[in-house]
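S.K.: Below is the structure I would like to discuss, written out as structure tokens.
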Amino acid sequence: MSTATHPVEPFVHPALFYADIDQYLAGTVSFIRAGLAAGEPVAVAVPGENLALIQDALGADGDSVRFLDMRDAGRNPGRIIPGVLRAFADQQAPGRRVRIIGEPIWAGRSPDEYPACAQHEALINAAFQGREVTILCPYDTSRLDERVLADAHATHPVVIPAGSAAEVVSAAYDPDGVVDRYNLPLPPAPGAGPEVFGTAFAEDSLSAVRRLATDHGARLGLTGTALENLALITAELTTNSVVHGGGAGTLTVWPQDGYVLCEVRDKGRLADPLAGRRPPAREQRGGRGLLLVNLLSDLVRVHTGPEGTTIRSYLGR
Amino acid sequence: MSAPEPARLLRAAVVPKQAAPRLDVYPLTGRSGFRAVGEVILPTRDTWERALERVVREAEDVGGEDVYYLELSAVTFVDVAGAGALADTAKSLEGRRRLVLDRPPDSLSRILGLLWPGLSGIEVSAS
């Protein structure tokens with residue numbers, strides 16, 4: 001791409017590699033202070049223990065910074081773009097660069113979560129293209145494995161090596177490749193058993209299926225808002241299959257570790273990788289169903305291809 | 001309810017049999033508005049949207065600020081598209097009429113707050 005014919009991309013998305021607390025604070029606090037000095041709005045969404053480090057280092061200077069614990073706000077990686085990053089950036093007055101530190105990947109991320117984390121980091125680039133926004137993503141090189149650090153080079157156009165203050169262009173940058181690579185088939189849902197509820201559905205059974213799924217969620221220990229969320233998630237996923245996924249599908253609800261999983265499979269193909277991650281335009285009519293699923297779930301995994309689409313929502317018990 | 005059948009068997013395209021979902025809409029007496037009974041999901045969406053279109057149409061005949069009550073205590077579920085139709089209605093009324101949701105399902109207020117933050121023209125009444 002020639003800079004003579006294309007304007008410089010205003011969105012800046014560096015990965016900050018750090019090996020210890022000193023490097024973490026050197027990279028993050030200078031980034032925050034530079035933003036504050038320029039009068040730019042700044043948000044910090046990192047795991048709670050790192051949040052405390054940054055808050056201590058900033059002292060009273062942190063009063064105008066928005067702080068969020070990423071373990072809560074970004075537990076579901078699919079929620080981070082609409083619920084954390086865009087939620088903050090879109091609130092700011094236009095004409096001023098917005099600075100955000102987003103640390104979505106930490107050492108305790110589970111194997112189920114990680115593919116969604118990598119896809120999220122890749123999709124940030126498309127979601128913020130053309131925006132006057134900088135999102136700095138710290139990566140703990142002492143605790144994250146090699147594959148995660150290699151992926152960070154593919155999801156970030158520039159990287160800041162551990163102990164360095166200078167950005168270098170990432171030769172491995174390939175966000176579309178990461179989205180594809182982690183578009184992985186999900187292990188099959190359990191086929192049978194007293195703790196498994198599975199059914200086919202079509203338009204005329206949407207109501208019954210939602211109620212049966214919710215009854216099953218209650219048997220598995222969901223109560224209150226979590227049970228209500230299961231009803232909403234079931235309704236949106238099954239309705240999407242009826243409207244966009246060939247008119248029918250199959251639903252399975254079962255327990256796994258501390259979660260209740262709700263999975264819908266259909267014959268459709270999800271063409272837009274940002275579906276459910278964009279806050280829809282104010283006048284836009286539909287398209288909020290998957291967004292709600294992302295906002296309510298503790299994790300959402302998606303696999304889509306010519307054979308069809310599987311969406312799996314995890315709800316904590 | 002019967003015990004759930006194994007998913008493997010049901011995957012052969014067996015769909016639970018049940019009565020068709022319903023949504024019935026009745027005009028309120030003594031105040032402007034309607035009472036809805038049933039659930040707002042894909043198969044009942046047309047009924048819901050027709051009732052809401054009437055709210056906008058009738059608002060053109062009234063002068064000054066006016067309140068319209070949606071009595072929803074017998075509505076068991078509203079999906080995102082149903083909430084969206086409500087949000088669109090509030091927007092197209094442009095303040096000519098306030099919508100008061102009387103005892104809506106909890107999840108409806110939550111959906112509106114999450115997906116249409118800052119939406120004006122809709123109030124929730126718990127009485």
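Labels for the structure tokens follow display order: chains A, B, ..., residues from 1 in each chain, ligands from 1.
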Would you tabulate, counting only C-alpha atoms, all residues of chain A that have an atom at most 6 Å from an atom of chain B, showing the closest pair of atoms and their distance in Å to one decimal, sorted by chain then ascending number, as CSV?

M.R.:
residue,atom,partner,partner_atom,distance
A:Gly191,CA,B:Arg8,CA,5.2
A:Ala192,CA,B:Pro6,CA,4.4
A:Phe197,CA,B:Pro4,CA,5.6
A:Gly198,CA,B:Ala7,CA,4.0
A:Thr199,CA,B:Leu10,CA,5.0
A:Ala200,CA,B:Ala13,CA,5.2
A:Phe201,CA,B:Val15,CA,5.3
A:Gly289,CA,B:Val80,CA,6.0

S.K.: Generate the output file for the selected residues, N, CA and C atoms, as a short mmCIF file (atom, residue, chain, number, x, y, z; two decimals), in the first residue's frame.

M.R.:
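Result saved to result-v9.cif:
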data_model
loop_
_atom_site.label_atom_id
_atom_site.label_comp_id
_atom_site.auth_asym_id
_atom_site.auth_seq_id
_atom_site.Cartn_x
_atom_site.Cartn_y
_atom_site.Cartn_z
N GLY A 191 -24.11 -35.90 23.62
CA GLY A 191 -25.28 -36.33 22.87
C GLY A 191 -26.46 -36.71 23.73
N ALA A 192 -26.22 -37.20 24.93
CA ALA A 192 -27.33 -37.70 25.72
C ALA A 192 -26.95 -37.70 27.19
N PHE A 197 -30.04 -31.33 27.57
CA PHE A 197 -31.30 -31.11 26.87
C PHE A 197 -30.98 -30.75 25.44
N GLY A 198 -31.48 -31.53 24.50
CA GLY A 198 -31.23 -31.24 23.10
C GLY A 198 -32.50 -31.36 22.30
N THR A 199 -32.65 -30.51 21.31
CA THR A 199 -33.85 -30.56 20.49
C THR A 199 -33.60 -29.87 19.16
N ALA A 200 -34.37 -30.29 18.16
CA ALA A 200 -34.43 -29.51 16.94
C ALA A 200 -35.49 -28.43 17.11
N PHE A 201 -35.43 -27.39 16.27
CA PHE A 201 -36.47 -26.36 16.37
C PHE A 201 -36.69 -25.72 15.01
N GLY A 289 -29.55 -8.82 18.12
CA GLY A 289 -29.70 -10.08 18.83
C GLY A 289 -28.37 -10.67 19.28
#

S.K.: Go through segment 25-107 of chain B and collect every residue that DSSP, computed from the backbone, puts in alpha helix (DSSP H); the answer should be as JSON, numbers by chain.

M.R.: {"B": [45, 46, 47, 48, 49, 50, 51, 52, 53, 54, 55, 56, 57, 58, 59, 80, 81, 82, 83, 84, 85, 86, 87, 88, 89, 90, 91, 92, 93, 106, 107]}

S.K.: To one decimal place, how far is atom CA of Asn125 of chain A from atom CA of Leu232 of chain A in Å?

M.R.: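 So the two atoms, atom CA of Asn125 of chain A and atom CA of Leu232 of chain A, lie 29.5 Å apart.
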
S.K.: Can you pull out every residue from chain B that DSSP, working from the backbone, puts in strand (DSSP E), and format the result as a PyMOL selection string?

M.R.: chain B and resi 23-27+33-40+66-78+97-102+122-125

S.K.: Nearest to Arg97 of chain B among B:Thr44, B:Thr76, B:Ser109, B:Ser32, with distances taken over only C-alpha atoms: which residue is it?

M.R.: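 Closest candidate: B:Ser32.
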
S.K.: Could you give me, as a ChimeraX atom specification, the residues within 12 Å of Glu60 of chain B, counting only C-alpha atoms and dropping anything in the same chain fewer than 6 positions from it?

M.R.: /B:53-54,66,92-97

S.K.: Point out the residue among A:His303, A:Arg131, A:Ala43, A:Leu292 with the least atom-to-atom distance to Arg265 of chain A, counting only C-alpha atoms.

M.R.: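 Among the listed residues, the smallest separation from Arg265 of chain A belongs to A:His303.
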
S.K.: With only C-alpha atoms as the counted atoms, please give the residues lying no more than 9 Å from Arg96 of chain A, apart from itself and same-chain residues fewer than 5 positions off, as a PyMOL selection string.

M.R.: chain A and resi 39-41+132-133

S.K.: Take the residues from that selection and put them in a file with C-alpha atoms, as a compact mmCIF listing (two decimals), in the first residue's frame.

M.R.:
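The new file out19.txt reads:
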# COMPACT_ATOMS: atom_id res chain seq x y z
CA GLY A 39 -6.32 16.70 27.07
CA GLU A 40 -7.38 13.36 25.59
CA PRO A 41 -9.98 11.11 27.21
CA GLU A 132 -8.94 8.74 15.96
CA VAL A 133 -8.34 6.14 18.65

S.K.: One number please: atom CA of Arg57 of chain B to atom CA of Ile122 of chain B, in Å, one decimal.

M.R.: 17.2 Å

S.K.: One decimal, Å: what's the distance from atom CA of Ala231 of chain A over to atom CA of Thr309 of chain A, could you say?

M.R.: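 Distance reported for this atom pair: 20.2 Å.
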